[in-house]
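Trainee: Below you'll find upload20.cif; it's mmCIF, C-alpha atoms.
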```cif
data_input
loop_
_atom_site.label_atom_id
_atom_site.label_comp_id
_atom_site.auth_asym_id
_atom_site.auth_seq_id
_atom_site.Cartn_x
_atom_site.Cartn_y
_atom_site.Cartn_z
CA PRO Y 639 -0.69 378.34 180.78
CA GLU Y 640 -4.35 377.54 180.59
CA ILE Y 641 -5.81 378.14 177.12
CA LYS Y 642 -9.29 379.56 177.70
CA ASP Y 643 -9.76 382.11 174.91
CA ARG Y 644 -11.75 380.43 172.15
CA GLY Y 645 -11.01 381.43 168.58
CA ARG Y 646 -7.71 383.11 169.51
CA TRP Y 647 -4.03 382.19 169.37
CA THR Y 648 -2.08 381.79 172.59
CA ARG Y 649 1.70 381.84 172.62
CA ILE Y 650 3.23 379.05 174.69
CA VAL Y 651 6.67 379.86 176.12
CA THR Y 652 8.78 376.81 177.01
CA PRO Y 653 12.23 376.74 178.68
CA ALA Y 654 14.79 377.56 175.97
CA LYS Y 655 17.46 375.23 177.37
CA SER Y 656 15.20 372.19 177.05
CA SER Y 657 13.47 373.01 173.76
CA PRO Y 658 14.29 371.88 170.21
CA PRO Y 659 16.42 374.31 168.16
CA PRO Y 660 14.70 376.47 165.50
CA ARG Y 661 13.96 374.66 162.21
CA SER Y 662 11.67 374.24 159.22
CA SER Y 663 10.54 371.35 156.97
CA HIS Y 664 10.23 369.08 160.02
CA GLN Y 665 7.17 367.01 160.86
CA ALA Y 666 4.89 367.00 163.90
CA VAL Y 667 2.19 364.55 165.01
CA LEU Y 668 -0.14 364.89 167.99
CA LEU Y 669 -1.02 361.61 169.71
CA PRO Y 670 -3.70 361.37 172.38
CA ALA Y 671 -2.99 359.61 175.64
CA VAL Y 672 -3.98 355.97 176.03
CA ALA Y 673 -5.47 354.68 179.28
CA SER Y 674 -3.53 352.06 181.19
CA SER Y 675 -4.69 348.48 180.60
CA SER Y 676 -5.07 348.12 184.36
CA SER Y 677 -8.21 350.26 184.36
CA SER Y 678 -11.03 348.23 185.87
CA SER Y 679 -13.86 349.58 183.72
CA ALA Y 680 -14.59 351.54 180.59
CA ALA Y 681 -15.59 354.54 182.71
CA ALA Y 682 -12.35 354.38 184.66
CA ALA Y 683 -10.39 354.08 181.42
CA ALA Y 684 -12.11 357.14 179.97
CA ALA Y 685 -11.41 359.10 183.14
CA ALA Y 686 -7.74 358.09 183.06
CA VAL Y 687 -7.40 359.28 179.47
CA LYS Y 688 -9.10 362.59 180.25
CA LYS Y 689 -6.68 363.32 183.07
CA SER Y 690 -3.55 362.21 181.25
CA SER Y 691 -1.42 363.90 178.63
CA SER Y 692 -1.34 364.12 174.91
CA PHE Y 693 2.04 364.47 173.23
CA LEU Y 694 3.25 366.43 170.23
CA TYR Y 695 6.10 364.55 168.55
CA VAL Y 696 8.55 366.48 166.33
CA PHE Y 697 11.24 364.88 164.16
CA GLY Y 698 13.96 366.21 161.87
CA GLY Y 699 13.92 369.37 159.79
CA GLU Y 700 16.51 371.87 158.65
CA LEU Y 701 18.11 375.14 159.68
CA THR Y 702 19.76 377.80 157.51
CA SER Y 703 21.70 380.59 159.19
CA LYS Y 704 20.65 384.20 158.61
CA ASP Y 705 23.65 384.88 156.38
CA MET Y 706 22.98 381.65 154.43
CA SER Y 707 26.51 380.43 155.24
CA LYS Y 708 25.46 377.45 157.36
CA PHE Y 709 22.94 374.74 156.69
CA ARG Y 710 22.16 371.57 158.56
CA HIS Y 711 19.61 368.77 158.87
CA TYR Y 712 18.36 367.32 162.13
CA ARG Y 713 17.64 363.73 163.17
CA ASP Y 714 16.48 364.50 166.69
CA LEU Y 715 13.08 363.53 168.10
CA TRP Y 716 11.26 365.69 170.63
CA ARG Y 717 8.06 365.28 172.58
CA LEU Y 718 5.96 368.12 173.99
CA GLN Y 719 3.55 367.26 176.78
CA VAL Y 720 0.11 368.82 176.29
CA GLY Y 721 -2.05 368.32 179.36
CA GLY Y 722 -1.55 367.02 182.87
CA GLY Y 723 0.38 364.03 184.18
CA GLY Y 724 -0.73 360.44 184.10
CA SER Y 725 -0.35 357.84 181.37
CA GLY Y 726 1.63 358.71 178.27
CA SER Y 727 0.67 357.93 174.70
CA GLY Y 728 2.06 354.43 175.09
CA GLY Y 729 0.60 353.86 178.56
CA GLU Y 730 3.81 354.82 180.33
CA LYS Y 731 3.71 356.99 183.45
CA THR Y 732 5.01 360.52 183.28
CA SER Y 733 5.48 363.24 185.86
CA SER Y 734 6.61 365.90 183.37
CA PRO Y 735 4.96 369.29 183.77
CA ARG Y 736 2.56 370.56 181.18
CA TRP Y 737 4.04 372.29 178.10
CA SER Y 738 7.49 370.81 178.64
CA TRP Y 739 9.76 369.38 175.94
CA GLU Y 740 11.61 366.11 176.24
CA SER Y 741 14.40 364.88 173.95
CA LEU Y 742 13.76 361.22 173.07
CA PRO Y 743 16.23 358.48 172.09
CA THR Y 744 17.14 358.36 168.38
CA LYS Y 745 19.60 355.45 168.36
CA GLY Y 746 19.00 353.20 165.38
CA GLY Y 747 16.46 355.62 163.90
CA PRO Y 748 16.15 357.53 160.61
CA SER Y 749 19.08 359.56 159.32
CA ALA Y 750 19.04 363.37 159.40
CA ARG Y 751 16.54 364.78 156.89
CA SER Y 752 13.84 367.28 156.06
CA GLY Y 753 10.90 367.23 153.65
CA HIS Y 754 9.85 363.85 155.11
CA ARG Y 755 6.31 363.03 156.24
CA MET Y 756 4.87 361.39 159.35
CA ALA Y 757 1.51 359.91 160.28
CA ALA Y 758 -0.06 358.29 163.33
CA TRP Y 759 -0.76 354.55 163.43
CA LYS Y 760 -2.17 352.80 166.50
CA GLY Y 761 -0.68 355.35 168.88
CA ASN Y 762 2.73 355.24 167.18
CA LEU Y 763 4.53 357.19 164.45
CA LEU Y 764 5.12 356.22 160.84
CA LEU Y 765 7.75 358.14 158.85
CA PHE Y 766 8.42 358.09 155.09
CA GLY Y 767 10.91 359.72 152.75
CA GLY Y 768 12.57 363.11 152.87
CA PHE Y 769 15.97 364.33 151.73
CA HIS Y 770 19.44 365.26 153.00
CA ASP Y 771 21.72 367.94 151.55
CA ASP Y 772 25.36 367.65 152.63
CA GLY Y 773 26.11 371.25 151.62
CA SER Y 774 28.38 370.34 148.72
CA GLY Y 775 25.61 369.99 146.16
CA LYS Y 776 25.01 366.30 146.82
CA VAL Y 777 21.38 365.65 147.72
CA ASP Y 778 20.10 362.23 148.81
CA TYR Y 779 16.39 361.41 148.71
CA PHE Y 780 14.81 358.60 150.71
CA ASN Y 781 11.90 356.18 150.35
CA ASP Y 782 12.39 354.29 153.62
CA VAL Y 783 9.59 353.62 156.12
CA TRP Y 784 10.14 353.85 159.88
CA LEU Y 785 8.02 353.10 162.94
CA TYR Y 786 8.50 354.85 166.28
CA ASP Y 787 7.05 352.86 169.16
CA THR Y 788 5.87 355.45 171.69
CA ALA Y 789 5.63 352.86 174.48
CA LYS Y 790 9.16 351.48 174.03
CA LEU Y 791 10.58 354.86 172.89
CA SER Y 792 12.44 353.17 170.06
CA TRP Y 793 12.72 353.30 166.26
CA SER Y 794 12.50 350.32 163.92
CA LYS Y 795 12.79 350.27 160.15
CA LEU Y 796 9.94 348.53 158.36
CA GLU Y 797 11.19 346.16 155.70
CA THR Y 798 9.45 346.74 152.37
CA ASN Y 799 9.95 345.93 148.70
CA ALA Y 800 11.41 349.44 148.41
CA ALA Y 801 12.96 348.85 144.97
CA ALA Y 802 9.48 348.22 143.58
CA GLY Y 803 7.84 350.94 145.67
CA PRO Y 804 7.57 354.73 145.43
CA SER Y 805 10.75 356.44 144.27
CA PRO Y 806 12.71 358.47 146.84
CA ARG Y 807 11.10 361.88 147.41
CA GLY Y 808 10.20 364.71 149.74
CA GLY Y 809 7.17 366.98 149.96
CA CYS Y 810 4.65 364.14 149.48
CA GLN Y 811 1.77 363.32 151.83
CA LEU Y 812 0.87 360.28 153.89
CA LEU Y 813 -2.48 358.88 154.91
CA VAL Y 814 -3.13 355.89 157.15
CA ALA Y 815 -6.53 354.40 156.40
CA PRO Y 816 -7.81 351.94 159.01
CA ALA Y 817 -9.31 348.63 158.01
CA ALA Y 818 -13.04 348.85 157.52
CA SER Y 819 -14.95 347.82 160.63
CA ALA Y 820 -17.22 344.81 160.62
CA SER Y 821 -20.23 347.10 160.84
CA ALA Y 822 -19.22 348.73 157.56
CA SER Y 823 -19.78 345.45 155.73
CA SER Y 824 -23.10 344.64 157.36
CA ALA Y 825 -26.28 343.68 155.52
CA SER Y 826 -26.92 347.35 154.74
CA VAL Y 827 -23.90 347.32 152.38
CA SER Y 828 -24.09 345.51 149.07
CA SER Y 829 -21.74 342.59 148.46
CA ALA Y 830 -19.95 344.57 145.74
CA SER Y 831 -19.39 347.49 148.11
CA ALA Y 832 -18.25 345.22 150.92
CA SER Y 833 -15.63 343.62 148.68
CA ALA Y 834 -14.11 347.07 148.11
CA LEU Y 835 -13.48 347.77 151.79
CA LEU Y 836 -9.93 347.65 153.14
CA ASP Y 837 -9.25 344.46 155.08
CA THR Y 838 -6.13 345.83 156.80
CA ASP Y 839 -4.72 349.18 157.86
CA THR Y 840 -3.07 350.77 154.82
CA LEU Y 841 -0.48 353.52 154.36
CA PHE Y 842 -1.04 355.67 151.26
CA VAL Y 843 1.63 357.91 149.69
CA PHE Y 844 0.81 360.52 147.05
CA GLY Y 845 2.86 363.01 145.04
CA GLY Y 846 6.00 364.79 146.16
CA HIS Y 847 9.19 366.09 144.58
CA THR Y 848 12.68 364.85 143.74
CA ALA Y 849 15.21 367.48 142.68
CA GLY Y 850 17.23 366.83 139.54
CA SER Y 851 20.70 367.99 138.65
CA GLY Y 852 20.72 371.76 138.63
CA GLY Y 853 17.89 371.92 141.15
CA ASP Y 854 18.28 373.43 144.56
CA GLY Y 855 17.48 370.25 146.44
CA ASP Y 856 14.38 371.62 148.10
CA GLY Y 857 12.52 368.53 149.24
CA ASP Y 858 9.27 370.46 149.49
CA GLY Y 859 9.39 371.25 145.77
CA GLU Y 860 9.17 375.00 146.22
CA THR Y 861 11.80 375.99 143.64
CA GLY Y 862 14.28 374.46 141.23
CA THR Y 863 14.02 371.67 138.67
CA GLY Y 864 13.40 367.97 139.05
CA LYS Y 865 10.61 365.43 139.06
CA VAL Y 866 7.21 366.28 140.53
CA HIS Y 867 5.22 363.12 141.18
CA ASP Y 868 1.55 362.26 140.66
CA ASP Y 869 1.68 358.58 141.61
CA ILE Y 870 -0.34 356.98 144.41
CA TRP Y 871 1.01 354.02 146.38
CA ALA Y 872 -0.53 351.73 148.98
CA LEU Y 873 1.33 349.76 151.68
CA PRO Y 874 -0.84 347.31 153.66
CA LEU Y 875 0.33 347.34 157.27
CA THR Y 876 -0.13 343.63 157.84
CA SER Y 877 1.95 343.52 161.01
CA SER Y 878 1.25 345.15 164.36
CA PRO Y 879 3.64 347.62 166.01
CA SER Y 880 4.32 345.14 168.83
CA SER Y 881 4.74 342.10 166.54
CA PRO Y 882 6.52 343.09 163.32
CA SER Y 883 6.13 340.72 160.39
CA GLN Y 884 9.09 338.64 159.28
CA GLN Y 885 8.06 339.20 155.66
CA PRO Y 886 8.66 342.55 153.89
CA LEU Y 887 5.60 344.73 153.53
CA ARG Y 888 4.69 345.12 149.87
CA TRP Y 889 4.03 348.41 148.10
CA SER Y 890 1.57 348.47 145.22
CA ARG Y 891 1.07 351.33 142.78
CA LEU Y 892 -2.52 352.27 142.10
CA PRO Y 893 -3.15 352.64 138.34
CA ARG Y 894 -4.33 356.15 137.49
CA SER Y 895 -6.72 354.69 134.92
CA SER Y 896 -8.82 353.35 137.79
CA LEU Y 897 -8.60 356.41 140.04
CA GLY Y 898 -11.16 358.66 138.40
CA PHE Y 899 -10.26 362.36 138.20
CA ALA Y 900 -6.95 362.12 140.06
CA PRO Y 901 -4.87 365.19 141.04
CA THR Y 902 -2.13 366.44 138.73
CA PRO Y 903 1.57 366.24 139.76
CA ARG Y 904 2.32 368.39 142.80
CA ALA Y 905 4.24 368.72 146.08
CA SER Y 906 3.72 370.51 149.40
CA PHE Y 907 -0.07 370.16 149.32
CA GLY Y 908 -2.45 369.57 152.21
CA LEU Y 909 -4.09 366.19 152.83
CA ALA Y 910 -6.40 365.65 155.78
CA ALA Y 911 -8.99 363.26 157.14
CA ASN Y 912 -10.79 363.04 160.45
CA PRO Y 913 -10.07 359.84 162.39
CA PRO Y 914 -11.94 357.67 161.86
CA LEU Y 915 -12.06 358.60 158.20
CA SER Y 916 -15.26 360.46 157.47
CA ARG Y 917 -17.12 358.40 154.88
CA ARG Y 918 -13.79 356.66 154.18
CA ARG Y 919 -12.51 359.76 152.40
CA ALA Y 920 -9.54 362.10 152.61
CA ILE Y 921 -9.46 365.67 151.31
CA LEU Y 922 -6.57 367.13 149.27
CA TRP Y 923 -6.11 370.85 148.53
CA GLY Y 924 -3.47 373.00 146.87
CA GLY Y 925 0.21 372.31 146.29
CA ILE Y 926 2.97 373.54 144.00
CA VAL Y 927 4.66 372.36 140.80
CA ASP Y 928 7.68 373.74 138.93
CA ARG Y 929 7.36 374.25 135.18
CA ALA Y 930 9.89 375.06 132.49
CA GLY Y 931 9.59 378.52 130.98
CA ALA Y 932 11.29 380.48 128.21
CA ARG Y 933 15.08 380.82 128.16
CA ASP Y 934 15.62 377.88 130.49
CA ARG Y 935 13.79 379.62 133.28
CA VAL Y 936 11.70 377.76 135.82
CA PHE Y 937 8.55 379.16 137.36
CA SER Y 938 6.44 377.80 140.19
CA GLU Y 939 2.73 377.25 139.71
CA HIS Y 940 0.56 377.12 142.83
CA CYS Y 941 -2.61 375.01 142.89
CA ASP Y 942 -5.98 375.87 144.42
CA ASP Y 943 -7.99 372.79 143.39
CA LEU Y 944 -9.75 370.39 145.74
CA TYR Y 945 -10.06 366.61 145.58
CA ALA Y 946 -11.69 363.85 147.63
CA PHE Y 947 -10.06 360.42 147.80
CA ASN Y 948 -12.03 357.27 148.67
CA VAL Y 949 -9.61 354.91 150.39
CA ASP Y 950 -11.53 351.70 149.64
CA LEU Y 951 -10.20 350.69 146.22
CA LYS Y 952 -10.22 346.92 145.96
#
```
Starting from the coordinates I provided, produce the structure as structure tokens.
Mentor:
Amino acid sequence: PEIKDRGRWTRIVTPAKSSPPPRSSHQAVLLPAVASSSSSSAAAAAAAVKKSSSFLYVFGGELTSKDMSKFRHYRDLWRLQVGGGGSGSGGEKTSSPRWSWESLPTKGGPSARSGHRMAAWKGNLLLFGGFHDDGSGKVDYFNDVWLYDTAKLSWSKLETNAAAGPSPRGGCQLLVAPAASASASSASVSSASASALLDTDTLFVFGGHTAGSGGDGDGDGETGTGKVHDDIWALPLTSSPSSPSQQPLRWSRLPRSSLGFAPTPRASFGLAANPPLSRRRAILWGGIVDRAGARDRVFSEHCDDLYAFNVDLK
């Protein structure tokens, strides 16, 4: 359908047989189309992008049956075409009709999970963390980092110093901050300010939840007991998607003493920034944290505070 009504919701009905099954706690990222490199001019490239598709990528999640007797995690990856034909998000050609789902290859990719997070990086997908519940009370949390190449339609695991990085968790948030442009460090910026600008694209991870024994394993931290995190980590993305580095990427924890008035521990909050980052800042709002109450009871406290995060920290 054509979406013409401004300020109103429109329900999009897709063929049931070729759509992902119902789920929650998945992740979705919308990637704009990229013009083919064969375009002869900037105007032609812009026209090609305008006519081509954007894609909504959906990975993982969980499903609980209505009678609560069945529970499963997914590791499937789906792509929804939004727009007309033309070049795909990786420059590939597609003839798929608008508003159609496509199941993508998952061989060699992340294990089944929910509560994970995804972010866009250079037209590709980055995935971090999440959890898996096998139904017997055993819950595994993850702190792995994956890249999905939308041109090659393939997953690759990014090697990191994971043991020295963020602990396994779900319900956190990711932010990819691009390297500061050359214009940002021009003569109009002081030398001290210029030295604080990021010199490479950087993945930030903040907060999240890891259920402890006796918790319900909810990776989004909505109920139960466990550890709610307030740490902030940075992972410089020193390699390109097409030429992965042979050296592990290195996580570094940002000391809270240098972070000003940082947010308190929380999970399942919102974190957003316009690309490119407006004034090099991201905005965080809300979240949830479990607290111990009287008689071994646990209650959930919802947050309504607002924070701004300046990504240039060096």
Trainee: Would you mind reading off the distance between atom CA of Glu797 of chain Y and atom CA of Ser890 of chain Y, one decimal, in Å?
Mentor: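 Between these atoms lies a distance of 14.4 Å.
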Trainee: In the coordinate frame of the file, compute which residues have an atom within 12 Å of (10.1, 348.6, 142.2) when using all atoms listed in the file, and state them as a PyMOL selection string.
Mentor: chain Y and resi 781+798-806+871+888-891
Trainee: Could you list the residues chosen by the PyMOL selection byres ((chain Y and resi 765) around 12) in this structure as an NGL selection string?
Mentor: :Y and (664-667 or 695-698 or 715 or 747-749 or 751-759 or 762-764 or 766-768 or 780-787 or 793-796 or 808 or 810-814 or 841-843)
Trainee: Just write the chosen residues, C-alpha atoms, as a tab-separated table (two decimals), in the frame of the given file.
Mentor:
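Below is the file that was written, result-v2.tsv:
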```tsv
chain	number	residue	atom	x	y	z
Y	664	HIS	CA	10.23	369.08	160.02
Y	665	GLN	CA	7.17	367.01	160.86
Y	666	ALA	CA	4.89	367.00	163.90
Y	667	VAL	CA	2.19	364.55	165.01
Y	695	TYR	CA	6.10	364.55	168.55
Y	696	VAL	CA	8.55	366.48	166.33
Y	697	PHE	CA	11.24	364.88	164.16
Y	698	GLY	CA	13.96	366.21	161.87
Y	715	LEU	CA	13.08	363.53	168.10
Y	747	GLY	CA	16.46	355.62	163.90
Y	748	PRO	CA	16.15	357.53	160.61
Y	749	SER	CA	19.08	359.56	159.32
Y	751	ARG	CA	16.54	364.78	156.89
Y	752	SER	CA	13.84	367.28	156.06
Y	753	GLY	CA	10.90	367.23	153.65
Y	754	HIS	CA	9.85	363.85	155.11
Y	755	ARG	CA	6.31	363.03	156.24
Y	756	MET	CA	4.87	361.39	159.35
Y	757	ALA	CA	1.51	359.91	160.28
Y	758	ALA	CA	-0.06	358.29	163.33
Y	759	TRP	CA	-0.76	354.55	163.43
Y	762	ASN	CA	2.73	355.24	167.18
Y	763	LEU	CA	4.53	357.19	164.45
Y	764	LEU	CA	5.12	356.22	160.84
Y	766	PHE	CA	8.42	358.09	155.09
Y	767	GLY	CA	10.91	359.72	152.75
Y	768	GLY	CA	12.57	363.11	152.87
Y	780	PHE	CA	14.81	358.60	150.71
Y	781	ASN	CA	11.90	356.18	150.35
Y	782	ASP	CA	12.39	354.29	153.62
Y	783	VAL	CA	9.59	353.62	156.12
Y	784	TRP	CA	10.14	353.85	159.88
Y	785	LEU	CA	8.02	353.10	162.94
Y	786	TYR	CA	8.50	354.85	166.28
Y	787	ASP	CA	7.05	352.86	169.16
Y	793	TRP	CA	12.72	353.30	166.26
Y	794	SER	CA	12.50	350.32	163.92
Y	795	LYS	CA	12.79	350.27	160.15
Y	796	LEU	CA	9.94	348.53	158.36
Y	808	GLY	CA	10.20	364.71	149.74
Y	810	CYS	CA	4.65	364.14	149.48
Y	811	GLN	CA	1.77	363.32	151.83
Y	812	LEU	CA	0.87	360.28	153.89
Y	813	LEU	CA	-2.48	358.88	154.91
Y	814	VAL	CA	-3.13	355.89	157.15
Y	841	LEU	CA	-0.48	353.52	154.36
Y	842	PHE	CA	-1.04	355.67	151.26
Y	843	VAL	CA	1.63	357.91	149.69
```
Trainee: For the atom pair atom CA of Gln719 of chain Y and atom CA of Glu740 of chain Y, what is the interatomic distance in Å to one decimal place?
Mentor: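 So the two atoms, atom CA of Gln719 of chain Y and atom CA of Glu740 of chain Y, lie 8.2 Å apart.
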Trainee: Which residues match the PyMOL selection byres ((chain Y and resi 701) around 10) in the file above, as a PyMOL selection string?
Mentor: chain Y and resi 659-664+699-700+702-704+706+708-712+752
Trainee: Tell me which protein, DNA and RNA residues are within 10 Å of Arg904 of chain Y, counting only C-alpha atoms, leaving out same-chain ones fewer than 3 positions away, and put them as an MDAnalysis selection string.
Mentor: chainID Y and resid 809:810 844:847 858:859 865:869 901 907 924:928 939:941
Trainee: In Å to one decimal, how far is atom CA of Arg935 of chain Y from atom CA of Thr848 of chain Y?
Mentor: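 Between these atoms lies a distance of 18.1 Å.
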